[in-house]
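Here's work-v4.txt, which has compact mmCIF, C-alpha atoms:
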```txt
# COMPACT_ATOMS: atom_id res chain seq x y z
CA MET A 1 23.11 -5.34 20.54
CA VAL A 2 19.51 -6.46 21.07
CA LYS A 3 19.23 -10.22 21.48
CA LEU A 4 16.97 -12.23 19.18
CA SER A 5 15.29 -13.69 22.24
CA VAL A 6 13.01 -10.61 22.30
CA VAL A 7 11.31 -11.85 19.12
CA GLY A 8 8.14 -13.78 19.93
CA ILE A 9 8.52 -16.51 17.32
CA PHE A 10 11.92 -17.38 18.87
CA ALA A 11 10.61 -17.49 22.45
CA ASP A 12 11.22 -21.23 22.87
CA LEU A 13 14.77 -21.36 21.46
CA ASP A 14 17.83 -21.93 23.65
CA GLU A 15 21.08 -19.99 23.27
CA ASP A 16 22.58 -22.42 20.77
CA ALA A 17 19.47 -22.29 18.57
CA LEU A 18 19.39 -18.49 18.76
CA ALA A 19 23.04 -18.38 17.70
CA ASP A 20 22.13 -20.57 14.72
CA VAL A 21 19.33 -18.19 13.74
CA GLU A 22 21.60 -15.16 14.16
CA ARG A 23 23.85 -16.48 11.38
CA HIS A 24 20.98 -16.08 8.91
CA ILE A 25 20.05 -12.52 9.89
CA ASN A 26 21.09 -9.07 8.68
CA ARG A 27 20.46 -6.19 11.06
CA LYS A 28 19.34 -2.71 10.05
CA THR A 29 18.04 0.46 11.69
CA PHE A 30 15.18 2.55 10.25
CA ALA A 31 14.62 6.15 11.30
CA ALA A 32 11.17 7.25 12.49
CA GLY A 33 8.91 7.76 9.48
CA ALA A 34 10.99 5.60 7.14
CA GLN A 35 9.21 3.16 4.87
CA ILE A 36 10.28 -0.41 5.59
CA ILE A 37 8.01 -2.28 3.17
CA GLU A 38 6.37 -0.89 0.04
CA PRO A 39 2.95 -2.16 -1.12
CA GLU A 40 3.04 -4.49 -4.13
CA ALA A 41 6.84 -4.78 -3.82
CA ASP A 42 8.39 -8.02 -5.03
CA SER A 43 10.74 -8.38 -2.04
CA SER A 44 9.78 -11.13 0.39
CA ASP A 45 12.11 -10.55 3.35
CA VAL A 46 10.84 -11.05 6.88
CA TYR A 47 11.49 -8.20 9.33
CA LEU A 48 11.95 -9.02 13.01
CA ILE A 49 11.23 -6.01 15.23
CA LEU A 50 14.09 -5.89 17.76
CA SER A 51 13.33 -2.42 19.14
CA GLY A 52 11.04 0.46 18.26
CA ARG A 53 7.63 0.24 16.64
CA VAL A 54 6.16 -0.11 13.15
CA ARG A 55 2.77 0.69 11.64
CA ILE A 56 1.16 -1.48 8.96
CA VAL A 57 -1.11 0.50 6.64
CA ASN A 58 -3.06 0.11 3.44
CA TYR A 59 -4.93 2.58 1.25
CA SER A 60 -8.51 2.68 0.00
CA LEU A 61 -9.36 3.43 -3.62
CA SER A 62 -10.00 7.03 -2.56
CA GLY A 63 -6.52 7.26 -1.06
CA ARG A 64 -7.54 7.14 2.60
CA GLU A 65 -4.88 5.58 4.80
CA ILE A 66 -6.13 2.62 6.81
CA THR A 67 -4.06 1.46 9.77
CA LEU A 68 -4.13 -2.31 10.01
CA GLU A 69 -1.93 -2.70 13.06
CA GLU A 70 0.97 -1.33 15.07
CA ILE A 71 3.66 -3.79 16.15
CA GLY A 72 6.35 -3.21 18.74
CA ALA A 73 9.54 -5.00 19.76
CA GLY A 74 9.16 -8.75 19.58
CA GLY A 75 6.85 -8.83 16.57
CA CYS A 76 7.57 -9.54 12.95
CA VAL A 77 6.22 -8.41 9.58
CA GLY A 78 6.50 -9.67 6.04
CA GLN A 79 6.02 -13.36 6.71
CA LEU A 80 3.06 -13.73 4.33
CA SER A 81 5.10 -12.86 1.24
CA ALA A 82 7.94 -15.07 2.46
CA ILE A 83 5.52 -17.98 2.69
CA ASP A 84 3.53 -17.62 -0.54
CA GLY A 85 5.87 -15.55 -2.72
CA GLU A 86 3.11 -13.06 -3.57
CA PRO A 87 3.68 -9.25 -3.68
CA ARG A 88 3.36 -7.26 -0.47
CA SER A 89 -0.23 -6.62 0.59
CA ALA A 90 0.45 -3.57 2.78
CA CYS A 91 2.90 -0.80 3.58
CA VAL A 92 5.04 -0.74 6.72
CA PHE A 93 6.50 2.42 8.30
CA ALA A 94 8.73 2.92 11.31
CA VAL A 95 6.78 4.81 13.98
CA SER A 96 9.97 5.47 15.95
CA ASN A 97 13.62 4.63 15.37
CA THR A 98 13.41 0.90 14.82
CA ASP A 99 16.02 -1.87 14.82
CA VAL A 100 15.15 -4.92 12.76
CA GLY A 101 16.61 -8.29 11.91
CA ILE A 102 16.06 -9.22 8.26
CA LEU A 103 15.58 -12.79 7.07
CA SER A 104 15.53 -13.56 3.36
CA PRO A 105 12.72 -15.92 2.27
CA ALA A 106 15.23 -18.76 1.84
CA ASN A 107 16.71 -18.21 5.29
CA PHE A 108 13.26 -17.82 6.84
CA GLU A 109 12.36 -21.23 5.39
CA LYS A 110 15.60 -22.72 6.76
CA VAL A 111 14.94 -21.38 10.24
CA VAL A 112 11.32 -22.55 10.27
CA LYS A 113 12.23 -26.04 9.06
CA SER A 114 15.19 -26.35 11.43
CA HIS A 115 13.30 -25.28 14.54
CA PRO A 116 9.76 -26.73 14.90
CA SER A 117 8.85 -24.37 17.74
CA VAL A 118 9.43 -21.42 15.41
CA ALA A 119 7.11 -22.97 12.84
CA TRP A 120 4.38 -23.39 15.45
CA ASN A 121 4.82 -19.84 16.70
CA VAL A 122 4.56 -18.52 13.13
CA ILE A 123 1.32 -20.49 12.70
CA SER A 124 0.01 -19.05 15.97
CA GLU A 125 0.86 -15.53 14.80
CA LEU A 126 -0.93 -16.07 11.49
CA ALA A 127 -3.98 -17.32 13.40
CA ARG A 128 -3.93 -14.13 15.47
CA ILE A 129 -3.81 -12.03 12.29
CA VAL A 130 -6.82 -13.90 10.88
CA ARG A 131 -8.81 -13.40 14.10
CA THR A 132 -7.95 -9.69 14.21
CA SER A 133 -8.92 -9.24 10.57
CA THR A 134 -12.19 -11.10 11.08
CA ARG A 135 -13.09 -8.90 14.05
CA ARG A 136 -12.42 -5.75 12.06
CA ILE A 137 -14.51 -6.98 9.12
CA VAL A 138 -17.41 -7.68 11.48
CA ASP A 139 -17.04 -4.25 13.11
CA VAL A 140 -17.03 -2.43 9.77
CA SER A 141 -20.00 -4.49 8.56
CA THR A 142 -22.17 -4.15 11.65
CA LEU A 143 -21.19 -0.97 13.52
CA GLY A 144 -21.57 2.68 12.63
CA ALA A 145 -18.54 4.96 12.64
CA ASN A 146 -19.23 6.28 16.16
CA GLU A 147 -19.60 2.77 17.56
CA ARG A 148 -16.38 1.64 15.86
CA VAL A 149 -14.47 4.40 17.62
CA VAL A 150 -15.90 3.38 20.99
CA ALA A 151 -15.17 -0.29 20.22
CA GLU A 152 -11.53 0.54 19.45
CA ILE A 153 -11.06 2.41 22.74
CA LEU A 154 -12.82 -0.44 24.57
CA ARG A 155 -10.60 -3.06 22.92
CA ARG A 156 -7.45 -1.22 24.00
CA ALA A 157 -8.76 -0.75 27.53
CA GLN A 158 -9.70 -4.44 27.81
CA GLU A 159 -6.19 -5.45 26.79
CA ILE A 160 -4.87 -3.47 29.76
CA CYS A 161 -7.60 -4.41 32.20
CA PRO A 162 -9.48 -7.56 31.12
CA ASP A 163 -11.35 -7.74 34.44
CA GLY A 164 -13.28 -4.55 33.77
CA GLY A 165 -11.71 -2.13 36.24
CA ALA A 166 -9.92 1.10 35.40
CA ALA A 167 -7.38 1.38 32.57
CA THR A 168 -5.00 4.05 31.31
CA LEU A 169 -4.13 4.08 27.61
CA SER A 170 -0.65 5.55 27.36
CA PRO A 171 0.06 7.59 25.39
CA VAL A 172 -3.31 9.15 24.53
CA PRO A 173 -4.50 7.53 21.26
CA VAL A 174 -3.85 9.85 18.31
CA HIS A 175 -7.11 10.73 16.55
CA SER A 176 -5.70 10.16 13.06
CA GLU A 177 -4.35 6.75 14.06
CA VAL A 178 -7.67 5.66 15.59
CA ALA A 179 -9.48 6.97 12.50
CA GLY A 180 -7.23 4.88 10.28
CA ARG A 181 -7.85 1.74 12.31
CA VAL A 182 -11.65 2.02 12.27
CA SER A 183 -12.09 3.49 8.77
CA THR A 184 -13.52 6.86 9.66
CA SER A 185 -12.40 10.50 9.85
CA ARG A 186 -10.37 12.31 12.50
CA GLU A 187 -13.33 14.64 13.00
CA THR A 188 -15.54 11.70 13.89
CA VAL A 189 -12.97 10.40 16.37
CA ALA A 190 -12.67 13.87 17.98
CA ARG A 191 -16.45 14.16 18.24
CA VAL A 192 -16.84 10.71 19.82
CA MET A 193 -13.97 11.24 22.25
CA GLY A 194 -15.52 14.54 23.30
CA SER A 195 -18.85 12.83 23.90
CA LEU A 196 -17.22 10.05 25.93
CA GLY A 197 -15.44 12.68 28.00
CA ARG A 198 -18.64 14.55 28.76
CA LYS A 199 -20.28 11.30 29.87
CA GLY A 200 -17.37 10.59 32.21
CA LEU A 201 -16.41 7.42 30.34
CA VAL A 202 -12.90 8.67 29.51
CA SER A 203 -10.68 11.56 30.57
CA LYS A 204 -7.23 12.83 29.65
CA ILE A 205 -4.65 12.73 32.44
CA ASP A 206 -0.91 13.33 32.51
CA THR A 207 -0.10 9.69 31.83
CA GLY A 208 -2.61 9.05 29.04
CA LEU A 209 -6.30 8.45 28.40
CA TYR A 210 -8.01 7.26 31.58
CA VAL A 211 -10.97 4.87 31.39
CA PRO A 212 -12.36 4.80 34.96
CA ASP A 213 -14.65 1.81 34.39
CA VAL A 214 -13.99 -0.49 31.44
CA ARG A 215 -17.15 -2.49 32.09
CA ARG A 216 -19.24 0.67 32.04
CA LEU A 217 -17.72 1.61 28.67
CA GLU A 218 -18.62 -1.87 27.40
CA GLU A 219 -22.20 -1.45 28.59
CA PHE A 220 -22.37 1.97 26.89
CA LEU A 221 -21.27 0.43 23.58
CA SER A 222 -23.79 -2.38 23.93
CA GLU A 223 -26.61 0.10 24.56
CA SER A 224 -25.49 2.22 21.60
CA ILE A 225 -25.66 -0.78 19.29
CA HIS A 226 -29.10 -1.78 20.43
```
Would it be possible to restate this file's structure as structure tokens?
Amino acid sequence: MVKLSVVGIFADLDEDALADVERHINRKTFAAGAQIIEPEADSSDVYLILSGRVRIVNYSLSGREITLEEIGAGGCVGQLSAIDGEPRSACVFAVSNTDVGILSPANFEKVVKSHPSVAWNVISELARIVRTSTRRIVDVSTLGANERVVAEILRRAQEICPDGGAATLSPVPVHSEVAGRVSTSRETVARVMGSLGRKGLVSKIDTGLYVPDVRRLEEFLSESIH
């Protein structure tokens, strides 16, 4: 059984505190592709990702799927509705077979109030969500579709190699998933990736998508914008 210590908001809890939290949790496994949270649903449970990976998506008025984020083991989803009691604002799917720990809103409140470090970690996570959302709003408002694709690849590469060297994105980003994240089409992503490949800024290798020089990719994006 996966221990709750893998969950980021519980990172500062000792074994006794984790055992206390465990008493409030129900565990469940979702198969790959299963819907975990429905948009506009009235349920307000918090889902702790113990293993696997989930994708958070929303839909435009035209029906286009927009990927907001992918979260792996250690993350959590659903905390906004647990806090404010409002309907779900997005849809959550299991990308792979995913084990979760489920906290009801009442139990989530108990855990947060009983363990101050959890409360602070939840606040930190909400701050991260706000920063990520703000960055995406700025990108959509100021960058063209091609530049948004490049910016997404650059962001992922910088997470792996913040010093600007070489980075390998593994597995190779799926065009439809990148398109969903940056609000464009798969065709646009394919076209941009092809162009980056011809310029030597990225290349596909056995282990993933290789970015030989992250700083050079950053400079290319900056020149494209200006």
Which residues of segment 2-71 of chain A come within 12 Å of segment 133-144 of chain A, and for each one, what is the closest pair of atoms and their distance in Å to one decimal, counting all atoms listed in the file, sorted by chain and residue number, as a Markdown table?
```
| residue | atom | partner | partner_atom | distance |
| --- | --- | --- | --- | --- |
| A:Ile66 | CA | A:Arg136 | CA | 11.7 |
| A:Thr67 | CA | A:Arg136 | CA | 11.3 |
| A:Leu68 | CA | A:Ser133 | CA | 8.4 |
| A:Glu69 | CA | A:Ser133 | CA | 9.9 |
```
* Got a sec: who's within 12 Å of Lys110 of chain A, counting only C-alpha atoms, leaving out chain neighbours fewer than 2 positions off, as a list of chain:residue names? -> A:Asp20, A:Val21, A:Arg23, A:His24, A:Ile25, A:Ala82, A:Ile83, A:Leu103, A:Ser104, A:Pro105, A:Ala106, A:Asn107, A:Phe108, A:Val112, A:Lys113, A:Ser114, A:His115, A:Pro116, A:Val118, A:Ala119
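For the residues A:Val46, A:Val149, A:Leu4, A:Val214, ranking by smallest atom-to-atom distance to Glu22 of chain A using only C-alpha atoms places A:Leu4 first.
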* Using all atoms listed in the file, which residues sit within 9 Å of Lys3 of chain A once same-chain residues fewer than 2 positions away are excluded, as an NGL selection string? -> :A and (1 or 5-7 or 18 or 50)
* Find the residue from A:Asn26, A:Val211, A:Cys76, A:Ala31 that sits nearest to Ile160 of chain A; use all atoms listed in the file when measuring. => A:Val211
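Counting all atoms listed in the file, the residue from A:Leu48, A:Leu80, A:Ala157, A:Ala167 that sits nearest to Ile129 of chain A is A:Leu80.
Here atom CA of Ile102 of chain A is placed at a distance of 6.0 Å from atom CA of Arg27 of chain A.
For the residues A:Ile153, A:Val54, A:Ile9, A:Leu196, ranking by smallest atom-to-atom distance to Ile123 of chain A using all atoms listed in the file places A:Ile9 first.
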* Work out how far apart atom CA of Leu13 of chain A and atom CA of Ser117 of chain A are and give it in Å to one decimal. => 7.6 Å
* Which residues, protein or nucleic acid, reach to within 12 Å of (0.2, -11.0, 5.1) in the file's coordinates when using only C-alpha atoms, and can you give that as a PyMOL selection string? -> chain A and resi 37+39-40+44+46+56-58+68-69+76-92+122+125-130+133
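Across the model, the gap from atom CA of Lys28 of chain A to atom CA of Asp14 of chain A is 23.6 Å.
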Find the residues near Glu218 of chain A: any atom within 9 Å, counting all atoms listed in the file, skip ones fewer than 5 places away on the same chain, and give them as a PDB file with C-alpha atoms, keeping the file's coordinate frame.
```
ATOM      1  CA  VAL A 150     -15.900   3.380  20.990  1.00  0.00           C
ATOM      2  CA  ALA A 151     -15.170  -0.290  20.220  1.00  0.00           C
ATOM      3  CA  LEU A 154     -12.820  -0.440  24.570  1.00  0.00           C
ATOM      4  CA  GLY A 164     -13.280  -4.550  33.770  1.00  0.00           C
ATOM      5  CA  ASP A 213     -14.650   1.810  34.390  1.00  0.00           C
ATOM      6  CA  GLU A 223     -26.610   0.100  24.560  1.00  0.00           C
TER       7      GLU A 223
END
```
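Candidate residues A:Ala32, A:Val111, A:Leu201, A:Leu169 were compared for distance to Phe220 of chain A, and the nearest is A:Leu201, using all atoms listed in the file.
For the set A:Gln35, A:Asn146, A:Ser96, A:Ser124, the residue with the smallest atom-to-atom gap to Ser183 of chain A is A:Asn146, counting all atoms listed in the file.
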Write a file for segment 123-139 of chain A of the given structure; include all heavy atoms and format it as a PDB file, in the first residue's frame.
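Done, and the output landed in selection-v3.pdb:
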```pdb
ATOM      1  N   ILE A 123      -2.045  26.199   1.079  1.00  0.00           N
ATOM      2  CA  ILE A 123      -1.961  27.598   0.645  1.00  0.00           C
ATOM      3  C   ILE A 123      -0.869  27.760  -0.414  1.00  0.00           C
ATOM      4  O   ILE A 123      -1.056  28.440  -1.431  1.00  0.00           O
ATOM      5  CB  ILE A 123      -1.677  28.522   1.847  1.00  0.00           C
ATOM      6  CG1 ILE A 123      -2.894  28.575   2.775  1.00  0.00           C
ATOM      7  CG2 ILE A 123      -1.314  29.934   1.383  1.00  0.00           C
ATOM      8  CD1 ILE A 123      -2.632  29.279   4.085  1.00  0.00           C
ATOM      9  N   SER A 124       0.275  27.117  -0.196  1.00  0.00           N
ATOM     10  CA  SER A 124       1.373  27.193  -1.157  1.00  0.00           C
ATOM     11  C   SER A 124       0.965  26.602  -2.503  1.00  0.00           C
ATOM     12  O   SER A 124       1.313  27.127  -3.562  1.00  0.00           O
ATOM     13  CB  SER A 124       2.601  26.450  -0.617  1.00  0.00           C
ATOM     14  OG  SER A 124       3.072  27.053   0.579  1.00  0.00           O
ATOM     15  N   GLU A 125       0.217  25.497  -2.463  1.00  0.00           N
ATOM     16  CA  GLU A 125      -0.244  24.866  -3.694  1.00  0.00           C
ATOM     17  C   GLU A 125      -1.231  25.769  -4.434  1.00  0.00           C
ATOM     18  O   GLU A 125      -1.180  25.888  -5.662  1.00  0.00           O
ATOM     19  CB  GLU A 125      -0.895  23.520  -3.370  1.00  0.00           C
ATOM     20  CG  GLU A 125      -1.527  22.812  -4.548  1.00  0.00           C
ATOM     21  CD  GLU A 125      -0.556  22.408  -5.627  1.00  0.00           C
ATOM     22  OE1 GLU A 125       0.678  22.490  -5.405  1.00  0.00           O
ATOM     23  OE2 GLU A 125      -0.999  22.006  -6.718  1.00  0.00           O
ATOM     24  N   LEU A 126      -2.120  26.414  -3.700  1.00  0.00           N
ATOM     25  CA  LEU A 126      -3.066  27.335  -4.337  1.00  0.00           C
ATOM     26  C   LEU A 126      -2.332  28.524  -4.958  1.00  0.00           C
ATOM     27  O   LEU A 126      -2.713  29.001  -6.035  1.00  0.00           O
ATOM     28  CB  LEU A 126      -4.102  27.822  -3.318  1.00  0.00           C
ATOM     29  CG  LEU A 126      -5.040  26.747  -2.763  1.00  0.00           C
ATOM     30  CD1 LEU A 126      -5.987  27.358  -1.727  1.00  0.00           C
ATOM     31  CD2 LEU A 126      -5.849  26.089  -3.879  1.00  0.00           C
ATOM     32  N   ALA A 127      -1.284  28.987  -4.285  1.00  0.00           N
ATOM     33  CA  ALA A 127      -0.476  30.081  -4.856  1.00  0.00           C
ATOM     34  C   ALA A 127       0.174  29.647  -6.162  1.00  0.00           C
ATOM     35  O   ALA A 127       0.226  30.415  -7.138  1.00  0.00           O
ATOM     36  CB  ALA A 127       0.585  30.520  -3.851  1.00  0.00           C
ATOM     37  N   ARG A 128       0.657  28.399  -6.202  1.00  0.00           N
ATOM     38  CA  ARG A 128       1.258  27.880  -7.432  1.00  0.00           C
ATOM     39  C   ARG A 128       0.234  27.837  -8.563  1.00  0.00           C
ATOM     40  O   ARG A 128       0.536  28.197  -9.715  1.00  0.00           O
ATOM     41  CB  ARG A 128       1.816  26.474  -7.189  1.00  0.00           C
ATOM     42  CG  ARG A 128       2.540  25.882  -8.390  1.00  0.00           C
ATOM     43  CD  ARG A 128       2.748  24.387  -8.233  1.00  0.00           C
ATOM     44  NE  ARG A 128       1.489  23.659  -8.221  1.00  0.00           N
ATOM     45  CZ  ARG A 128       0.773  23.368  -9.317  1.00  0.00           C
ATOM     46  NH1 ARG A 128       1.186  23.751 -10.513  1.00  0.00           N
ATOM     47  NH2 ARG A 128      -0.356  22.696  -9.216  1.00  0.00           N
ATOM     48  N   ILE A 129      -0.988  27.421  -8.243  1.00  0.00           N
ATOM     49  CA  ILE A 129      -2.047  27.344  -9.254  1.00  0.00           C
ATOM     50  C   ILE A 129      -2.343  28.738  -9.811  1.00  0.00           C
ATOM     51  O   ILE A 129      -2.508  28.913 -11.025  1.00  0.00           O
ATOM     52  CB  ILE A 129      -3.324  26.726  -8.644  1.00  0.00           C
ATOM     53  CG1 ILE A 129      -3.089  25.244  -8.333  1.00  0.00           C
ATOM     54  CG2 ILE A 129      -4.511  26.888  -9.591  1.00  0.00           C
ATOM     55  CD1 ILE A 129      -4.219  24.592  -7.557  1.00  0.00           C
ATOM     56  N   VAL A 130      -2.399  29.739  -8.926  1.00  0.00           N
ATOM     57  CA  VAL A 130      -2.660  31.112  -9.372  1.00  0.00           C
ATOM     58  C   VAL A 130      -1.541  31.593 -10.285  1.00  0.00           C
ATOM     59  O   VAL A 130      -1.795  32.200 -11.334  1.00  0.00           O
ATOM     60  CB  VAL A 130      -2.820  32.053  -8.161  1.00  0.00           C
ATOM     61  CG1 VAL A 130      -2.851  33.508  -8.622  1.00  0.00           C
ATOM     62  CG2 VAL A 130      -4.090  31.726  -7.391  1.00  0.00           C
ATOM     63  N   ARG A 131      -0.301  31.340  -9.910  1.00  0.00           N
ATOM     64  CA  ARG A 131       0.837  31.775 -10.737  1.00  0.00           C
ATOM     65  C   ARG A 131       0.816  31.100 -12.106  1.00  0.00           C
ATOM     66  O   ARG A 131       1.046  31.743 -13.134  1.00  0.00           O
ATOM     67  CB  ARG A 131       2.149  31.464 -10.021  1.00  0.00           C
ATOM     68  CG  ARG A 131       2.434  32.343  -8.824  1.00  0.00           C
ATOM     69  CD  ARG A 131       3.800  32.029  -8.221  1.00  0.00           C
ATOM     70  NE  ARG A 131       4.058  32.832  -7.045  1.00  0.00           N
ATOM     71  CZ  ARG A 131       4.541  34.076  -7.078  1.00  0.00           C
ATOM     72  NH1 ARG A 131       4.788  34.631  -8.256  1.00  0.00           N
ATOM     73  NH2 ARG A 131       4.754  34.747  -5.972  1.00  0.00           N
ATOM     74  N   THR A 132       0.517  29.801 -12.110  1.00  0.00           N
ATOM     75  CA  THR A 132       0.461  29.067 -13.386  1.00  0.00           C
ATOM     76  C   THR A 132      -0.652  29.615 -14.270  1.00  0.00           C
ATOM     77  O   THR A 132      -0.467  29.814 -15.478  1.00  0.00           O
ATOM     78  CB  THR A 132       0.227  27.565 -13.121  1.00  0.00           C
ATOM     79  OG1 THR A 132       1.308  27.049 -12.337  1.00  0.00           O
ATOM     80  CG2 THR A 132       0.140  26.794 -14.431  1.00  0.00           C
ATOM     81  N   SER A 133      -1.807  29.861 -13.672  1.00  0.00           N
ATOM     82  CA  SER A 133      -2.938  30.395 -14.433  1.00  0.00           C
ATOM     83  C   SER A 133      -2.631  31.778 -14.985  1.00  0.00           C
ATOM     84  O   SER A 133      -2.967  32.089 -16.141  1.00  0.00           O
ATOM     85  CB  SER A 133      -4.187  30.448 -13.544  1.00  0.00           C
ATOM     86  OG  SER A 133      -4.550  29.164 -13.081  1.00  0.00           O
ATOM     87  N   THR A 134      -1.975  32.605 -14.180  1.00  0.00           N
ATOM     88  CA  THR A 134      -1.621  33.958 -14.616  1.00  0.00           C
ATOM     89  C   THR A 134      -0.667  33.907 -15.802  1.00  0.00           C
ATOM     90  O   THR A 134      -0.827  34.655 -16.779  1.00  0.00           O
ATOM     91  CB  THR A 134      -0.967  34.735 -13.461  1.00  0.00           C
ATOM     92  OG1 THR A 134      -1.897  34.828 -12.369  1.00  0.00           O
ATOM     93  CG2 THR A 134      -0.574  36.147 -13.908  1.00  0.00           C
ATOM     94  N   ARG A 135       0.317  32.998 -15.725  1.00  0.00           N
ATOM     95  CA  ARG A 135       1.273  32.873 -16.836  1.00  0.00           C
ATOM     96  C   ARG A 135       0.577  32.460 -18.118  1.00  0.00           C
ATOM     97  O   ARG A 135       0.848  32.993 -19.198  1.00  0.00           O
ATOM     98  CB  ARG A 135       2.342  31.843 -16.484  1.00  0.00           C
ATOM     99  CG  ARG A 135       3.494  31.794 -17.498  1.00  0.00           C
ATOM    100  CD  ARG A 135       4.337  30.547 -17.360  1.00  0.00           C
ATOM    101  NE  ARG A 135       3.602  29.365 -17.792  1.00  0.00           N
ATOM    102  CZ  ARG A 135       3.326  28.336 -16.999  1.00  0.00           C
ATOM    103  NH1 ARG A 135       3.700  28.354 -15.735  1.00  0.00           N
ATOM    104  NH2 ARG A 135       2.652  27.293 -17.468  1.00  0.00           N
ATOM    105  N   ARG A 136      -0.376  31.539 -18.005  1.00  0.00           N
ATOM    106  CA  ARG A 136      -1.077  31.067 -19.203  1.00  0.00           C
ATOM    107  C   ARG A 136      -1.963  32.164 -19.786  1.00  0.00           C
ATOM    108  O   ARG A 136      -2.071  32.299 -21.007  1.00  0.00           O
ATOM    109  CB  ARG A 136      -1.920  29.842 -18.864  1.00  0.00           C
ATOM    110  CG  ARG A 136      -1.083  28.637 -18.507  1.00  0.00           C
ATOM    111  CD  ARG A 136      -1.900  27.383 -18.415  1.00  0.00           C
ATOM    112  NE  ARG A 136      -2.465  27.013 -19.712  1.00  0.00           N
ATOM    113  CZ  ARG A 136      -3.119  25.896 -19.935  1.00  0.00           C
ATOM    114  NH1 ARG A 136      -3.304  25.039 -18.954  1.00  0.00           N
ATOM    115  NH2 ARG A 136      -3.609  25.627 -21.130  1.00  0.00           N
ATOM    116  N   ILE A 137      -2.590  32.956 -18.928  1.00  0.00           N
ATOM    117  CA  ILE A 137      -3.414  34.068 -19.403  1.00  0.00           C
ATOM    118  C   ILE A 137      -2.551  35.065 -20.173  1.00  0.00           C
ATOM    119  O   ILE A 137      -2.924  35.541 -21.246  1.00  0.00           O
ATOM    120  CB  ILE A 137      -4.125  34.762 -18.229  1.00  0.00           C
ATOM    121  CG1 ILE A 137      -5.207  33.839 -17.648  1.00  0.00           C
ATOM    122  CG2 ILE A 137      -4.750  36.086 -18.671  1.00  0.00           C
ATOM    123  CD1 ILE A 137      -5.800  34.334 -16.347  1.00  0.00           C
ATOM    124  N   VAL A 138      -1.378  35.366 -19.626  1.00  0.00           N
ATOM    125  CA  VAL A 138      -0.466  36.301 -20.294  1.00  0.00           C
ATOM    126  C   VAL A 138      -0.017  35.726 -21.632  1.00  0.00           C
ATOM    127  O   VAL A 138       0.024  36.432 -22.648  1.00  0.00           O
ATOM    128  CB  VAL A 138       0.755  36.603 -19.394  1.00  0.00           C
ATOM    129  CG1 VAL A 138       1.812  37.382 -20.177  1.00  0.00           C
ATOM    130  CG2 VAL A 138       0.329  37.382 -18.165  1.00  0.00           C
ATOM    131  N   ASP A 139       0.310  34.437 -21.663  1.00  0.00           N
ATOM    132  CA  ASP A 139       0.753  33.810 -22.914  1.00  0.00           C
ATOM    133  C   ASP A 139      -0.332  33.888 -23.987  1.00  0.00           C
ATOM    134  O   ASP A 139      -0.065  34.248 -25.141  1.00  0.00           O
ATOM    135  CB  ASP A 139       1.124  32.340 -22.673  1.00  0.00           C
ATOM    136  CG  ASP A 139       2.472  32.184 -21.986  1.00  0.00           C
ATOM    137  OD1 ASP A 139       3.180  33.206 -21.836  1.00  0.00           O
ATOM    138  OD2 ASP A 139       2.809  31.052 -21.602  1.00  0.00           O
TER     139      ASP A 139
END
```
